[in-house]
Amino acid sequence: MSSAAELLSEIRQSSERRPFEVLKLAEPLLNTGKISRAEDVWLVYEQVFTAAIDEGQIELAKTILTILQKRFNDSQRVRRLYGMINEAVGHPSEAKQLYTQMLDADETNVLASKRLIALLKAEGHTKEAISQLVTYLDTHANDFEAWLELCSLYLRHHLYPQAAFCIEEVILQQPANHYFHLCYAEICYTMGNLGTALKEYLRVVELSTDNVRGFYGVKLVADRILDLGNRPKKEQQDAALGDAPQPATLQRLSQLATERLVYAYNRASESSRKAAEAWLKK
Amino acid sequence: MSGLTEGIDQEMFLDPEIRNWVLFPITVIMVLVGIFRHQLTILMTGDPPKPEIKDIRQGKALMRGQLLAQNNSYIPAAAFAERKRYLCQAYEDGTYLKNKENKDQSPANLMTDPKNMEVMMDGMKKQMMGIIPQTLIMGWIQFFFSGFILIKLPFPLGLRFKQMLQSGIMTPNMDVRWVSSLSWYFINLFGLRGVFSLLLGGDNSADGIRDMTAMGTMGAMGQQPGQPQDFNKQFLGMKDTLSIIYHEWDLANIEQRVLVKYGKQARLFKSSAAK
């Protein structure tokens, strides 16, 4: 029993969403009542609530909600759970009303702001979601997860310069995380900003050895720049080459990328190896 | 004559009734009063004032500038330049300030800010809670338990302490190690901290020493709790910091670094021109 509680706590820490496992782990705990002696029983309830909603077990969610409401009578954290149930059963307008009420009462309520934005996004009102998120970020400029969310919203609308701005904010806050550099590299490449894209891909493979996506990026961009060298001047000027390296270096980088990719795929399954080889030979 | 008596270890036999009726009661009373104070303080202190949205915005805007100054080398020059320009302008205009109109006023009138008043009142209340019981107990001990010796200290002290520790007793020759009830009070004051930590948890309000230091500081300077910070000054300071930064992109030389990392190139110690 105690190990189940530990596992649940680990899942909470990593903020993963694994509703099936959570429910499976938590059900015996809740039924035998053993969990009520643990310190983080209310956290577990909250966790199971979210899992229940994810799995569509609305009745279970409602039961948990009544328990939580009895204990924490006047809690904003519990109130937003009401909003979440409304969203789950398909009453978004009521949920929206609840969140707006919470925000009117207390402007600084982060939980309500985020739920409202999530609601708008789920309903497909991305433009409204974006404007709400921008207002939120005007106040809480150091919430890098919010910047990530905004970036993904912009990408849905193919607004690449804005998305790039958001990722730059994220990188400012988390400069050592190679994944964010990867996102930035891919946005730059899509925008046609080849110089920056190459450097960012290189950063990815520097931070994360043998990163396959990174090396794909390096190869693609390096080859592209080399290719552009043979194209007319106008095309060269259009692609923002910036301070791209000399052709010799580009060749070496491209070869390095090919080599590392071959090495990586040698340990992969037969089919992917064949596919990679075919692509690399081109 | 006094030279002779000082050398001899003075032995005195104390009435055990003293031990029962003075030593223990003083300690017990002090412990009880401490616990009582602690609970009362918990009842009396209100919640800390919730930050308003404009305060949060102000603070985070400053943090944003700090972050930019700190991590500027991880984003390309153009990105940095754009942010620098925007933030410097915003700091100068006071876009993020809570009270934009009062930008140039001195912060003296921030004292009358209602939020700060609450914080100050809370602080004052806490100090009152500390001083009054102390004074009361001291007076009670003086009144009831003066004029006799209570205990013998296990360590010797200098003659100067005689006046303080044997306050009610006028004997020129008695060893300083025999002390009166008031000094037992002081011993308890310092010693019961450990007991209170055990009983009430770490951060308790029954600590006598904290009150004494608080009394000292209160006399020294006027109350400045929570520091109504002058954000305008801080913004302008941050603006200066940002404007003098020389941006060097961390990725300027990354091709070489990657080639070296994967063993394709020997590490060059002189940065050669080959790009």
# chains A, B, ... in the order shown; residues from 1 in each chain; ligands from 1
>>> residues_around(residues="Ala79 in chain B", least_positions_apart="4", cutoff="9 Å", atoms="only C-alpha atoms", output="number ranges by chain")
A: 165, 168; B: 75, 83-84
>>> closest_atom_pairs(of="chain A", to="chain B", cutoff="8 Å", atoms="only C-alpha atoms", output="JSON lines")
{"residue": "A:Glu107", "atom": "CA", "partner": "B:Ile53", "partner_atom": "CA", "distance": 6.5}
{"residue": "A:Thr108", "atom": "CA", "partner": "B:Ile53", "partner_atom": "CA", "distance": 5.4}
{"residue": "A:Asp138", "atom": "CA", "partner": "B:Arg57", "partner_atom": "CA", "distance": 7.3}
{"residue": "A:Thr139", "atom": "CA", "partner": "B:Arg57", "partner_atom": "CA", "distance": 4.4}
{"residue": "A:His140", "atom": "CA", "partner": "B:Lys60", "partner_atom": "CA", "distance": 6.3}
{"residue": "A:Ala141", "atom": "CA", "partner": "B:Lys60", "partner_atom": "CA", "distance": 6.1}
{"residue": "A:Asn142", "atom": "CA", "partner": "B:Lys60", "partner_atom": "CA", "distance": 6.7}
{"residue": "A:Phe165", "atom": "CA", "partner": "B:Ala79", "partner_atom": "CA", "distance": 7.7}
{"residue": "A:Glu168", "atom": "CA", "partner": "B:Ile75", "partner_atom": "CA", "distance": 6.5}
{"residue": "A:Ile171", "atom": "CA", "partner": "B:Tyr74", "partner_atom": "CA", "distance": 7.2}
{"residue": "A:Leu172", "atom": "CA", "partner": "B:Asn71", "partner_atom": "CA", "distance": 5.7}
{"residue": "A:Gln173", "atom": "CA", "partner": "B:Leu67", "partner_atom": "CA", "distance": 7.0}
{"residue": "A:Pro175", "atom": "CA", "partner": "B:Tyr74", "partner_atom": "CA", "distance": 6.4}
{"residue": "A:Thr196", "atom": "CA", "partner": "B:Pro76", "partner_atom": "CA", "distance": 7.8}
{"residue": "A:Lys199", "atom": "CA", "partner": "B:Leu251", "partner_atom": "CA", "distance": 6.3}
{"residue": "A:Glu200", "atom": "CA", "partner": "B:Leu251", "partner_atom": "CA", "distance": 7.6}
{"residue": "A:Leu202", "atom": "CA", "partner": "B:Ile254", "partner_atom": "CA", "distance": 6.7}
{"residue": "A:Arg203", "atom": "CA", "partner": "B:Ile254", "partner_atom": "CA", "distance": 7.0}
{"residue": "A:Val205", "atom": "CA", "partner": "B:Val258", "partner_atom": "CA", "distance": 7.5}
{"residue": "A:Glu206", "atom": "CA", "partner": "B:Val258", "partner_atom": "CA", "distance": 6.0}
{"residue": "A:Pro245", "atom": "CA", "partner": "B:Lys275", "partner_atom": "CA", "distance": 5.5}
{"residue": "A:Gln246", "atom": "CA", "partner": "B:Lys275", "partner_atom": "CA", "distance": 5.9}
{"residue": "A:Thr249", "atom": "CA", "partner": "B:Lys275", "partner_atom": "CA", "distance": 6.8}
{"residue": "A:Leu253", "atom": "CA", "partner": "B:Leu259", "partner_atom": "CA", "distance": 7.3}
{"residue": "A:Leu256", "atom": "CA", "partner": "B:Lys264", "partner_atom": "CA", "distance": 7.8}
>>> closest_residue(among="A:Leu194, A:Ile130, A:Ile225, A:Val110", to="Gly242 in chain A", atoms="only C-alpha atoms")
A:Leu194
>>> select_by_dssp(residues="range 128-205 of chain B", states="strand (DSSP E)", output="list in words")
Ile149, Leu150, Ile151, Lys152, Trp178, Val179 and Ser180 of chain B
>>> write_last_selection(atoms="all heavy atoms", output="compact mmCIF listing (two decimals), in the first residue's frame")
# COMPACT_ATOMS: atom_id res chain seq x y z
N ILE B 149 19.19 34.22 48.62
CA ILE B 149 19.98 33.52 47.60
C ILE B 149 19.17 32.35 47.09
O ILE B 149 18.49 31.67 47.86
CB ILE B 149 21.28 32.98 48.22
CG1 ILE B 149 22.04 34.11 48.86
CG2 ILE B 149 22.10 32.30 47.16
CD1 ILE B 149 22.72 35.00 47.91
N LEU B 150 19.32 32.10 45.82
CA LEU B 150 18.57 30.99 45.25
C LEU B 150 19.47 29.80 44.96
O LEU B 150 19.24 28.68 45.40
CB LEU B 150 17.86 31.45 43.98
CG LEU B 150 16.90 30.44 43.38
CD1 LEU B 150 15.84 30.07 44.37
CD2 LEU B 150 16.27 31.02 42.14
N ILE B 151 20.49 30.05 44.15
CA ILE B 151 21.35 28.94 43.74
C ILE B 151 22.80 29.37 43.72
O ILE B 151 23.11 30.56 43.82
CB ILE B 151 21.01 28.45 42.32
CG1 ILE B 151 20.99 29.64 41.36
CG2 ILE B 151 19.72 27.70 42.28
CD1 ILE B 151 20.85 29.26 39.93
N LYS B 152 23.64 28.35 43.53
CA LYS B 152 25.06 28.65 43.37
C LYS B 152 25.44 28.28 41.95
O LYS B 152 25.21 27.18 41.49
CB LYS B 152 25.85 27.81 44.37
CG LYS B 152 27.33 28.00 44.28
CD LYS B 152 28.04 27.15 45.31
CE LYS B 152 29.54 27.22 45.06
NZ LYS B 152 30.26 26.25 45.85
N TRP B 178 26.94 32.89 44.29
CA TRP B 178 25.61 32.74 44.87
C TRP B 178 24.73 33.83 44.29
O TRP B 178 25.02 35.00 44.44
CB TRP B 178 25.70 32.91 46.39
CG TRP B 178 26.57 31.88 47.00
CD1 TRP B 178 27.89 32.01 47.32
CD2 TRP B 178 26.20 30.56 47.36
NE1 TRP B 178 28.37 30.85 47.85
CE2 TRP B 178 27.34 29.93 47.89
CE3 TRP B 178 24.99 29.83 47.30
CZ2 TRP B 178 27.32 28.62 48.37
CZ3 TRP B 178 25.00 28.53 47.77
CH2 TRP B 178 26.15 27.93 48.28
N VAL B 179 23.66 33.42 43.66
CA VAL B 179 22.89 34.43 42.95
C VAL B 179 21.44 34.43 43.40
O VAL B 179 20.94 33.48 43.97
CB VAL B 179 22.94 34.18 41.43
CG1 VAL B 179 24.31 34.45 40.90
CG2 VAL B 179 22.47 32.79 41.11
N SER B 180 20.77 35.54 43.09
CA SER B 180 19.40 35.71 43.52
C SER B 180 18.43 35.20 42.46
O SER B 180 18.82 34.73 41.41
CB SER B 180 19.14 37.19 43.78
OG SER B 180 19.19 37.86 42.56
>>> residues_around(residues="Asp54 in chain A", least_positions_apart="4", cutoff="10 Å", atoms="only C-alpha atoms", output="VMD selection string")
chain A and resid 17 to 20 48 to 50 58 61 88
>>> write_last_selection(atoms="C-alpha atoms", output="PDB file, in the first residue's frame")
ATOM      1  CA  ARG A  17      -0.964  12.526 -17.063  1.00  0.00           C
ATOM      2  CA  ARG A  18      -1.393   8.792 -16.613  1.00  0.00           C
ATOM      3  CA  PRO A  19      -5.031   8.515 -15.717  1.00  0.00           C
ATOM      4  CA  PHE A  20      -5.365   4.755 -16.095  1.00  0.00           C
ATOM      5  CA  VAL A  48      -7.514  11.005  -8.702  1.00  0.00           C
ATOM      6  CA  PHE A  49     -10.101  13.646  -9.557  1.00  0.00           C
ATOM      7  CA  THR A  50      -8.183  14.692 -12.638  1.00  0.00           C
ATOM      8  CA  ILE A  58     -17.661  11.475 -13.911  1.00  0.00           C
ATOM      9  CA  ALA A  61     -15.082  12.609  -9.880  1.00  0.00           C
ATOM     10  CA  ALA A  88     -15.828  17.477 -18.909  1.00  0.00           C
TER      11      ALA A  88
END
>>> atom_distance(atom1="CA of Val33 in chain B", atom2="CA of Ile18 in chain B")
21.6 Å
>>> residues_around(residues="Leu236 in chain B", least_positions_apart="3", cutoff="10 Å", atoms="only C-alpha atoms", output="list of chain:residue names")
B:Cys88, B:Ala90, B:Tyr91, B:Glu92, B:Asp93, B:Gly94, B:Phe231, B:Asn232, B:Lys233, B:Lys239, B:Asp240, B:Thr241, B:Leu242
>>> write_last_selection(atoms="N, CA, C and O atoms", output="PDB file, in the first residue's frame")
ATOM      1  N   CYS B  88      14.118  48.776 -21.931  1.00  0.00           N
ATOM      2  CA  CYS B  88      14.651  50.063 -21.498  1.00  0.00           C
ATOM      3  C   CYS B  88      13.604  51.163 -21.657  1.00  0.00           C
ATOM      4  O   CYS B  88      13.414  52.003 -20.771  1.00  0.00           O
ATOM      5  N   ALA B  90      10.369  50.720 -21.667  1.00  0.00           N
ATOM      6  CA  ALA B  90       9.292  50.494 -20.696  1.00  0.00           C
ATOM      7  C   ALA B  90       9.705  50.945 -19.308  1.00  0.00           C
ATOM      8  O   ALA B  90       8.919  51.529 -18.566  1.00  0.00           O
ATOM      9  N   TYR B  91      10.975  50.675 -18.944  1.00  0.00           N
ATOM     10  CA  TYR B  91      11.426  51.084 -17.610  1.00  0.00           C
ATOM     11  C   TYR B  91      11.427  52.594 -17.486  1.00  0.00           C
ATOM     12  O   TYR B  91      11.069  53.155 -16.462  1.00  0.00           O
ATOM     13  N   GLU B  92      11.839  53.238 -18.590  1.00  0.00           N
ATOM     14  CA  GLU B  92      11.916  54.692 -18.492  1.00  0.00           C
ATOM     15  C   GLU B  92      10.520  55.303 -18.415  1.00  0.00           C
ATOM     16  O   GLU B  92      10.262  56.212 -17.639  1.00  0.00           O
ATOM     17  N   ASP B  93       9.613  54.746 -19.238  1.00  0.00           N
ATOM     18  CA  ASP B  93       8.258  55.276 -19.235  1.00  0.00           C
ATOM     19  C   ASP B  93       7.495  54.893 -17.989  1.00  0.00           C
ATOM     20  O   ASP B  93       6.448  55.466 -17.706  1.00  0.00           O
ATOM     21  N   GLY B  94       7.987  53.899 -17.288  1.00  0.00           N
ATOM     22  CA  GLY B  94       7.239  53.450 -16.117  1.00  0.00           C
ATOM     23  C   GLY B  94       6.008  52.658 -16.476  1.00  0.00           C
ATOM     24  O   GLY B  94       5.012  52.690 -15.764  1.00  0.00           O
ATOM     25  N   PHE B 231      10.342  51.174  -6.822  1.00  0.00           N
ATOM     26  CA  PHE B 231      10.541  50.424  -8.052  1.00  0.00           C
ATOM     27  C   PHE B 231      11.045  51.286  -9.176  1.00  0.00           C
ATOM     28  O   PHE B 231      11.750  50.822 -10.062  1.00  0.00           O
ATOM     29  N   ASN B 232      10.662  52.546  -9.133  1.00  0.00           N
ATOM     30  CA  ASN B 232      11.117  53.398 -10.218  1.00  0.00           C
ATOM     31  C   ASN B 232      12.637  53.433 -10.251  1.00  0.00           C
ATOM     32  O   ASN B 232      13.259  53.257 -11.298  1.00  0.00           O
ATOM     33  N   LYS B 233      13.234  53.603  -9.064  1.00  0.00           N
ATOM     34  CA  LYS B 233      14.701  53.624  -9.013  1.00  0.00           C
ATOM     35  C   LYS B 233      15.274  52.321  -9.513  1.00  0.00           C
ATOM     36  O   LYS B 233      16.245  52.294 -10.271  1.00  0.00           O
ATOM     37  N   LYS B 239      17.693  49.454 -16.175  1.00  0.00           N
ATOM     38  CA  LYS B 239      17.843  49.984 -17.525  1.00  0.00           C
ATOM     39  C   LYS B 239      19.308  50.279 -17.800  1.00  0.00           C
ATOM     40  O   LYS B 239      19.835  49.958 -18.870  1.00  0.00           O
ATOM     41  N   ASP B 240      19.989  50.891 -16.819  1.00  0.00           N
ATOM     42  CA  ASP B 240      21.409  51.160 -17.013  1.00  0.00           C
ATOM     43  C   ASP B 240      22.194  49.870 -17.194  1.00  0.00           C
ATOM     44  O   ASP B 240      23.067  49.778 -18.066  1.00  0.00           O
ATOM     45  N   THR B 241      21.866  48.879 -16.345  1.00  0.00           N
ATOM     46  CA  THR B 241      22.569  47.601 -16.472  1.00  0.00           C
ATOM     47  C   THR B 241      22.406  47.025 -17.864  1.00  0.00           C
ATOM     48  O   THR B 241      23.361  46.554 -18.481  1.00  0.00           O
ATOM     49  N   LEU B 242      21.181  47.062 -18.361  1.00  0.00           N
ATOM     50  CA  LEU B 242      20.936  46.459 -19.675  1.00  0.00           C
ATOM     51  C   LEU B 242      21.659  47.218 -20.774  1.00  0.00           C
ATOM     52  O   LEU B 242      22.160  46.629 -21.728  1.00  0.00           O
TER      53      LEU B 242
END
>>> residues_around(residues="range 143-145 of chain B", least_positions_apart="5", cutoff="8 Å", atoms="only C-alpha atoms", output="list of chain:residue names")
B:Val22, B:Ser181, B:Leu182
>>> residues_around(residues="range 97-105 of chain A", least_positions_apart="3", cutoff="10 Å", atoms="only C-alpha atoms", output="ChimeraX atom specification")
/A:76,79-80,82-84,86,92-94,108-117,119
>>> select_by_dssp(residues="range 102-223 of chain A", states="alpha helix (DSSP H)", output="number ranges by chain")
A: 102-105, 110-123, 126-139, 144-156, 160-173, 178-191, 194-207, 212-223
>>> residues_around(residues="Ile141 in chain B", least_positions_apart="5", cutoff="12 Å", atoms="only C-alpha atoms", output="list of chain:residue names")
B:Val22, B:Leu23, B:Pro25, B:Ile26, B:Thr27, B:Ile29, B:Met30, B:Gln134, B:Thr135, B:Leu136, B:Ser146, B:Gly147, B:Phe148, B:Leu150, B:Ser167, B:Gly168, B:Ser180, B:Ser181, B:Leu182, B:Ser183, B:Trp184, B:Tyr185, B:Phe186
>>> atom_distance(atom1="CA of Ala266 in chain B", atom2="CA of Asn193 in chain A")
29.7 Å
>>> atom_distance(atom1="CA of Ile64 in chain A", atom2="CA of Lys24 in chain A")
15.6 Å
>>> closest_residue(among="B:Val28, B:Ile42, B:Leu14, B:Gly34", to="Ser197 in chain B", atoms="only C-alpha atoms")
B:Gly34
